[in-house]
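Novice: One file is attached below, work31.csv, containing CSV, C-alpha atoms.
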chain,number,residue,atom,x,y,z
U,1,MET,CA,5.3,5.6,15.0
U,2,ILE,CA,7.4,3.3,12.9
U,3,VAL,CA,9.7,4.9,10.3
U,4,ARG,CA,11.6,2.7,7.8
U,5,ASP,CA,13.7,3.5,4.7
U,6,PHE,CA,13.6,1.2,1.8
U,7,ASN,CA,17.2,2.2,0.9
U,8,GLU,CA,18.5,1.5,4.4
U,9,ILE,CA,16.8,-1.9,4.4
U,10,ILE,CA,18.5,-2.8,1.1
U,11,GLU,CA,21.9,-1.8,2.5
U,12,SER,CA,21.8,-3.1,6.1
U,13,ASP,CA,18.6,-4.9,7.1
U,14,ARG,CA,18.6,-7.9,4.7
U,15,ASP,CA,16.4,-9.9,6.9
U,16,ARG,CA,13.6,-7.9,5.5
U,17,VAL,CA,14.4,-8.9,1.9
U,18,VAL,CA,12.9,-12.1,0.7
U,19,SER,CA,13.9,-13.6,-2.7
U,20,ASP,CA,12.6,-16.4,-4.7
U,21,ALA,CA,12.8,-17.5,-8.3
U,22,GLN,CA,12.9,-14.3,-10.3
U,23,TRP,CA,11.3,-12.0,-7.7
U,24,SER,CA,12.4,-10.3,-4.5
U,25,SER,CA,10.4,-8.4,-2.0
U,26,VAL,CA,11.3,-5.8,0.6
U,27,ARG,CA,9.1,-6.1,3.7
U,28,MET,CA,8.4,-2.6,4.9
U,29,LEU,CA,5.7,-3.8,7.4
U,30,LEU,CA,5.0,-7.3,8.7
U,31,ALA,CA,2.4,-8.9,11.0
U,32,ASP,CA,4.4,-8.1,14.1
U,33,ASP,CA,4.1,-4.4,13.4
U,34,GLY,CA,0.5,-4.7,14.5
U,35,MET,CA,-1.0,-2.7,11.6
U,36,GLY,CA,-3.4,-5.4,10.5
U,37,PHE,CA,-1.9,-5.6,7.1
U,38,SER,CA,1.6,-6.0,5.7
U,39,PHE,CA,3.3,-3.7,3.0
U,40,HIS,CA,6.0,-4.8,0.6
U,41,ILE,CA,7.9,-3.4,-2.3
U,42,THR,CA,8.3,-6.3,-4.8
U,43,PHE,CA,10.5,-6.6,-7.9
U,44,LEU,CA,9.7,-9.1,-10.7
U,45,GLU,CA,12.5,-9.8,-13.1
U,46,PRO,CA,12.0,-8.9,-16.8
U,47,GLY,CA,10.8,-11.9,-18.8
U,48,SER,CA,9.5,-13.7,-15.7
U,49,GLU,CA,6.1,-15.4,-15.3
U,50,HIS,CA,4.5,-16.3,-11.9
U,51,THR,CA,1.4,-18.2,-11.0
U,52,PHE,CA,0.0,-17.2,-7.6
U,53,GLU,CA,-3.1,-18.0,-5.7
U,54,TYR,CA,-3.3,-16.4,-2.2
U,55,LYS,CA,-6.1,-18.7,-0.9
U,56,ASN,CA,-5.7,-17.3,2.6
U,57,HIS,CA,-4.9,-13.7,1.9
U,58,PHE,CA,-6.3,-10.6,0.2
U,59,GLU,CA,-3.6,-8.8,-1.8
U,60,SER,CA,-3.6,-5.5,-3.6
U,61,VAL,CA,-0.7,-4.7,-6.0
U,62,TYR,CA,0.0,-1.2,-7.4
U,63,CYS,CA,2.5,-0.8,-10.2
U,64,MET,CA,5.1,1.9,-9.6
U,65,LYS,CA,7.4,1.0,-12.5
U,66,GLY,CA,7.7,-1.4,-15.5
U,67,SER,CA,5.3,-3.2,-17.7
U,68,GLY,CA,3.7,-6.6,-17.9
U,69,SER,CA,0.3,-8.3,-17.7
U,70,ILE,CA,-2.0,-10.2,-15.4
U,71,THR,CA,-4.3,-13.1,-16.5
U,72,ASP,CA,-7.2,-14.0,-14.3
U,73,LEU,CA,-7.3,-17.8,-14.6
U,74,ALA,CA,-11.0,-17.9,-13.6
U,75,THR,CA,-12.1,-15.8,-16.6
U,76,GLY,CA,-9.1,-16.0,-19.0
U,77,GLU,CA,-9.1,-12.2,-19.1
U,78,THR,CA,-5.7,-10.4,-19.4
U,79,HIS,CA,-5.0,-6.9,-18.3
U,80,HIS,CA,-2.0,-4.8,-19.2
U,81,ILE,CA,0.1,-3.6,-16.3
U,82,ARG,CA,1.9,-0.3,-16.4
U,83,PRO,CA,2.6,2.4,-13.7
U,84,GLY,CA,-0.7,3.5,-12.1
U,85,VAL,CA,-2.5,0.2,-12.6
U,86,MET,CA,-3.6,-1.7,-9.5
U,87,TYR,CA,-5.1,-5.1,-9.2
U,88,ALA,CA,-6.8,-6.4,-6.1
U,89,LEU,CA,-7.3,-10.1,-5.5
U,90,ASP,CA,-10.7,-9.8,-3.7
U,91,LYS,CA,-11.7,-13.3,-4.6
U,92,HIS,CA,-8.3,-14.9,-3.8
U,93,ASP,CA,-8.0,-15.0,-7.6
U,94,ARG,CA,-5.6,-17.5,-9.1
U,95,HIS,CA,-3.6,-15.6,-11.7
U,96,ILE,CA,-0.5,-15.4,-13.9
U,97,LEU,CA,1.6,-12.3,-13.5
U,98,ARG,CA,4.1,-11.6,-16.3
U,99,ALA,CA,6.9,-9.0,-16.3
U,100,GLU,CA,7.9,-7.7,-19.7
U,101,GLU,CA,10.1,-5.0,-18.2
U,102,GLU,CA,11.1,-5.3,-14.5
U,103,LEU,CA,8.0,-4.6,-12.5
U,104,VAL,CA,8.2,-2.7,-9.2
U,105,MET,CA,5.0,-3.1,-7.2
U,106,ALA,CA,3.6,-1.8,-3.9
U,107,CYS,CA,1.8,-4.7,-2.3
U,108,CYS,CA,-0.6,-4.9,0.7
U,109,PHE,CA,-1.6,-8.2,2.3
U,110,ASN,CA,-4.5,-8.9,4.7
U,111,PRO,CA,-4.0,-10.8,6.9
U,112,PRO,CA,-0.5,-9.5,7.2
U,113,VAL,CA,2.4,-11.7,6.1
U,114,THR,CA,4.7,-12.8,8.9
U,115,GLY,CA,7.8,-12.9,6.7
U,116,LYS,CA,8.2,-16.6,7.2
U,117,GLU,CA,5.8,-17.9,4.5
U,118,VAL,CA,7.1,-19.7,1.5
U,119,HIS,CA,5.1,-20.1,-1.7
U,120,ARG,CA,3.6,-23.6,-1.8
U,121,GLU,CA,3.3,-25.6,-4.9
U,122,ASP,CA,-0.3,-24.3,-5.5
U,123,GLY,CA,1.0,-20.6,-5.5
U,124,SER,CA,-0.5,-19.8,-2.1
U,125,TYR,CA,0.9,-18.9,1.3
U,126,ALA,CA,-0.2,-20.8,4.4
U,127,ALA,CA,-2.8,-19.1,6.6
U,128,PRO,CA,-1.2,-17.1,9.5
U,129,GLU,CA,-2.0,-19.8,12.1
U,130,ASN,CA,-0.2,-22.4,10.1
U,131,VAL,CA,3.1,-20.5,9.6
U,132,GLU,CA,5.9,-21.8,11.8
U,133,ALA,CA,7.2,-19.1,14.2
I,1,MET,CA,-10.3,-9.5,-9.4
I,2,ILE,CA,-10.5,-5.7,-9.3
I,3,VAL,CA,-8.3,-3.8,-11.8
I,4,ARG,CA,-8.2,0.0,-11.7
I,5,ASP,CA,-5.9,2.5,-13.4
I,6,PHE,CA,-4.9,5.6,-11.6
I,7,ASN,CA,-4.7,7.5,-14.9
I,8,GLU,CA,-8.3,6.5,-15.9
I,9,ILE,CA,-9.6,7.5,-12.5
I,10,ILE,CA,-8.0,11.0,-12.9
I,11,GLU,CA,-9.6,11.4,-16.3
I,12,SER,CA,-13.1,9.9,-15.9
I,13,ASP,CA,-13.9,8.6,-12.4
I,14,ARG,CA,-13.6,11.8,-10.3
I,15,ASP,CA,-15.8,10.4,-7.6
I,16,ARG,CA,-12.7,8.5,-6.5
I,17,VAL,CA,-10.7,11.8,-6.1
I,18,VAL,CA,-11.0,13.6,-2.8
I,19,SER,CA,-9.5,17.0,-2.3
I,20,ASP,CA,-9.1,19.2,0.8
I,21,ALA,CA,-6.9,22.1,1.7
I,22,GLN,CA,-3.6,21.5,-0.1
I,23,TRP,CA,-3.9,17.8,-0.6
I,24,SER,CA,-5.8,15.4,-2.8
I,25,SER,CA,-6.2,11.7,-2.7
I,26,VAL,CA,-7.1,9.1,-5.4
I,27,ARG,CA,-8.9,6.2,-3.8
I,28,MET,CA,-7.8,3.1,-5.5
I,29,LEU,CA,-9.5,0.8,-3.0
I,30,LEU,CA,-12.3,1.6,-0.5
I,31,ALA,CA,-14.2,-0.2,2.2
I,32,ASP,CA,-16.8,-1.5,-0.2
I,33,ASP,CA,-14.2,-3.4,-2.2
I,34,GLY,CA,-14.0,-5.9,0.7
I,35,MET,CA,-10.3,-6.1,1.0
I,36,GLY,CA,-10.2,-5.2,4.7
I,37,PHE,CA,-8.0,-2.1,4.0
I,38,SER,CA,-8.2,0.9,1.7
I,39,PHE,CA,-5.4,2.1,-0.6
I,40,HIS,CA,-4.9,5.6,-1.8
I,41,ILE,CA,-2.4,7.6,-3.8
I,42,THR,CA,-2.2,11.0,-2.1
I,43,PHE,CA,-0.6,14.3,-3.2
I,44,LEU,CA,0.5,17.0,-0.8
I,45,GLU,CA,1.2,20.4,-2.2
I,46,PRO,CA,4.7,21.9,-1.9
I,47,GLY,CA,5.0,24.2,1.1
I,48,SER,CA,2.0,22.7,2.8
I,49,GLU,CA,1.8,21.5,6.4
I,50,HIS,CA,-0.9,19.1,7.8
I,51,THR,CA,-1.7,18.0,11.4
I,52,PHE,CA,-3.4,14.6,11.4
I,53,GLU,CA,-4.3,12.1,14.1
I,54,TYR,CA,-6.2,9.0,12.9
I,55,LYS,CA,-7.6,8.0,16.3
I,56,ASN,CA,-9.7,5.3,14.7
I,57,HIS,CA,-7.4,4.0,12.0
I,58,PHE,CA,-4.0,2.6,11.4
I,59,GLU,CA,-2.3,4.2,8.4
I,60,SER,CA,1.0,3.4,6.6
I,61,VAL,CA,2.4,5.9,4.1
I,62,TYR,CA,5.1,5.1,1.6
I,63,CYS,CA,6.8,8.1,-0.2
I,64,MET,CA,7.0,7.5,-4.0
I,65,LYS,CA,8.1,11.1,-4.9
I,66,GLY,CA,9.0,14.4,-3.4
I,67,SER,CA,10.5,15.5,-0.1
I,68,GLY,CA,9.4,16.7,3.3
I,69,SER,CA,9.3,15.7,6.9
I,70,ILE,CA,7.1,14.3,9.6
I,71,THR,CA,7.1,15.3,13.3
I,72,ASP,CA,5.8,12.9,15.9
I,73,LEU,CA,3.9,15.2,18.3
I,74,ALA,CA,4.3,12.7,21.2
I,75,THR,CA,8.1,12.6,21.1
I,76,GLY,CA,8.9,15.8,19.2
I,77,GLU,CA,11.1,13.7,16.8
I,78,THR,CA,11.3,14.8,13.2
I,79,HIS,CA,12.1,12.4,10.3
I,80,HIS,CA,13.1,13.4,6.8
I,81,ILE,CA,10.8,12.0,4.1
I,82,ARG,CA,12.1,11.2,0.6
I,83,PRO,CA,11.3,8.4,-1.9
I,84,GLY,CA,11.5,5.0,-0.1
I,85,VAL,CA,10.7,6.3,3.4
I,86,MET,CA,7.6,4.8,5.0
I,87,TYR,CA,6.0,5.8,8.2
I,88,ALA,CA,3.3,3.7,10.0
I,89,LEU,CA,1.0,5.2,12.6
I,90,ASP,CA,0.9,2.1,14.8
I,91,LYS,CA,-0.1,4.2,17.9
I,92,HIS,CA,-2.6,6.4,16.0
I,93,ASP,CA,0.2,8.9,16.4
I,94,ARG,CA,-0.7,12.6,16.2
I,95,HIS,CA,1.8,14.2,13.7
I,96,ILE,CA,2.6,17.1,11.5
I,97,LEU,CA,3.4,16.2,7.9
I,98,ARG,CA,5.3,18.9,5.8
I,99,ALA,CA,5.8,18.9,2.0
I,100,GLU,CA,8.9,20.7,0.9
I,101,GLU,CA,8.5,19.5,-2.7
I,102,GLU,CA,5.2,17.9,-3.7
I,103,LEU,CA,4.8,14.6,-1.9
I,104,VAL,CA,3.3,11.6,-3.7
I,105,MET,CA,2.4,8.9,-1.2
I,106,ALA,CA,1.0,5.4,-1.3
I,107,CYS,CA,-1.3,5.0,1.8
I,108,CYS,CA,-3.0,2.0,3.4
I,109,PHE,CA,-5.8,2.4,6.0
I,110,ASN,CA,-7.1,-0.2,8.4
I,111,PRO,CA,-10.0,-0.2,8.9
I,112,PRO,CA,-10.6,0.8,5.3
I,113,VAL,CA,-11.8,4.3,4.5
I,114,THR,CA,-15.3,4.5,3.1
I,115,GLY,CA,-14.6,7.6,1.0
I,116,LYS,CA,-17.2,9.7,2.8
I,117,GLU,CA,-15.0,10.7,5.7
I,118,VAL,CA,-14.0,14.3,6.3
I,119,HIS,CA,-11.1,15.4,8.5
I,120,ARG,CA,-12.5,16.6,11.8
I,121,GLU,CA,-11.1,19.6,13.7
I,122,ASP,CA,-8.8,17.3,15.7
I,123,GLY,CA,-7.2,15.8,12.5
I,124,SER,CA,-9.0,12.5,12.7
I,125,TYR,CA,-11.6,10.6,10.6
I,126,ALA,CA,-14.7,9.2,12.3
I,127,ALA,CA,-14.7,5.5,13.1
I,128,PRO,CA,-16.4,3.5,10.3
I,129,GLU,CA,-19.7,3.0,12.2
I,130,ASN,CA,-20.1,6.7,12.6
I,131,VAL,CA,-19.6,7.7,8.9
I,132,GLU,CA,-22.9,8.7,7.3
I,133,ALA,CA,-23.7,6.5,4.3
Translate the structure described by the file into structure tokens.
Specialist:
Amino acid sequence: MIVRDFNEIIESDRDRVVSDAQWSSVRMLLADDGMGFSFHITFLEPGSEHTFEYKNHFESVYCMKGSGSITDLATGETHHIRPGVMYALDKHDRHILRAEEELVMACCFNPPVTGKEVHREDGSYAAPENVEA
Amino acid sequence: MIVRDFNEIIESDRDRVVSDAQWSSVRMLLADDGMGFSFHITFLEPGSEHTFEYKNHFESVYCMKGSGSITDLATGETHHIRPGVMYALDKHDRHILRAEEELVMACCFNPPVTGKEVHREDGSYAAPENVEA
């Protein structure tokens, strides 16, 4: 059994905290935990806007706190995001995520993220076999 | 892209809400969503105690609200559960989960739950191929 505490990670296990322009993510579970998915608590700064397209991953995102919106770039449709709203990128959907207030999101990735990915220019992460160890 | 709202499910999509003795679970994502995992928001009643052993699934559980404890029945070790604590049953660990206050948990299952499972006497769910459609 693995037991991890978000608050302890924030204080003393900063290797599990990944930050980029206007977002940061606490990696509660990664590929090497062997669960077959990874699980992250992700923060998006108020006023920020992000274009992502996880070509090699499925991702679900559950809003725990904050408000914003997501636009599906294939359909142009925009959905309001508030606590309780979940979106799932079952078609590796290219999208724009906007935070009006700071968003706090619980995210699952399949295949699991290794923790070494960086967002590429197209908004994707590399497939697991192409991430440098 | 799939978008679902916990609050709308509670009001008008009760097929996604599964209840058993002293717990209930809102199934935000299930096997037929094709994500490779399922994602549930699960409530455990204050004062309740549950023995589970997911012999056929990996499960991670992130505490969003409440307090309680988990005992690993292989080691006898007990961990306090409060918001921010996650446990992951990477060894299909048989365990006892206790809610002191109501626990609200974000749960991921791999393989994904179909929504038709029932807890068997041993605290497990059947493997996906053995769940009646």
Novice: For stretch 67-79 of chain I, find every residue with an atom within 7 Å (counting all atoms listed in the file), except residues of its own chain fewer than 5 positions away, and show them as a compact mmCIF listing (two decimals) with C-alpha atoms, in the frame of the given file.
Specialist:
# COMPACT_ATOMS: atom_id res chain seq x y z
CA ASP I 93 0.20 8.90 16.40
CA ARG I 94 -0.70 12.60 16.20
CA HIS I 95 1.80 14.20 13.70
CA ILE I 96 2.60 17.10 11.50
CA LEU I 97 3.40 16.20 7.90
CA ARG I 98 5.30 18.90 5.80
CA ALA I 99 5.80 18.90 2.00
CA GLU I 100 8.90 20.70 0.90
CA GLU I 101 8.50 19.50 -2.70
CA GLU I 102 5.20 17.90 -3.70
CA LEU I 103 4.80 14.60 -1.90
Novice: Would you list which chain U residues are within 8 Å of chain I using all atoms listed in the file, as an MDAnalysis selection string?
Specialist: chainID U and resid 1:7 28 33:37 58:59 72 79 84:91 93 108 110
Novice: Using only C-alpha atoms, which of I:Ser19, I:Lys55, I:Val104, I:Ser12 sits nearest I:Phe43?
Specialist: I:Val104
Novice: Identify the residues around (-7.6, -19.5, 7.0) within a radius of 8 Å, measuring from all atoms listed in the file in the coordinates stated by the file, and give them as number ranges by chain.
Specialist: U: 56, 126-129
Novice: What is the distance between atom CA of U:Phe52 and atom CA of U:Asp15, in Å to one decimal?
Specialist: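 Distance reported for this atom pair: 23.1 Å.
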Novice: Separation of atom CA of I:Asp13 and atom CA of I:Val113, in Å?
Specialist: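 Computing the Euclidean distance for atom CA of I:Asp13 and atom CA of I:Val113 yields 17.6 Å.
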Novice: Need the shell around U:Thr114: protein/DNA/RNA residues with any atom at most 8 Å away, counting only C-alpha atoms. Skip same-chain ones fewer than 5 positions apart. Format as a PyMOL selection string?
Specialist: chain U and resi 30-32+128+131
Novice: Store the residues picked out above in a file with C-alpha atoms, as an mmCIF file, in the frame of the given file.
Specialist:
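What follows is the written file again.cif:
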data_model
loop_
_atom_site.group_PDB
_atom_site.id
_atom_site.type_symbol
_atom_site.label_atom_id
_atom_site.label_comp_id
_atom_site.auth_asym_id
_atom_site.auth_seq_id
_atom_site.Cartn_x
_atom_site.Cartn_y
_atom_site.Cartn_z
ATOM 1 C CA LEU U 30 5.000 -7.300 8.700
ATOM 2 C CA ALA U 31 2.400 -8.900 11.000
ATOM 3 C CA ASP U 32 4.400 -8.100 14.100
ATOM 4 C CA PRO U 128 -1.200 -17.100 9.500
ATOM 5 C CA VAL U 131 3.100 -20.500 9.600
#
Novice: As an exercise, work out the distance from atom CA of U:Glu11 to atom CA of U:Ser25 in Å and give it to one decimal place.
Specialist: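 So the answer is 14.0 Å.
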Novice: First collect every listed atom of stretch 102-111 of chain U; then fit an axis-aligned box around them, widen it by 5 Å on each side, and give centre and edge lengths in Å to one decimal, as AutoDock Vina command-line options.
Specialist:
--center_x 3.3 --center_y -6.3 --center_z -3.8 --size_x 25.6 --size_y 19.0 --size_z 31.4
Novice: My list of candidates is I:Tyr125, I:Asn130, I:Lys116, I:Tyr54. Which is closest to I:Arg16 when distances are computed with all atoms listed in the file?
Specialist: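 Answer, going by the shortest atom-to-atom distance: I:Lys116.
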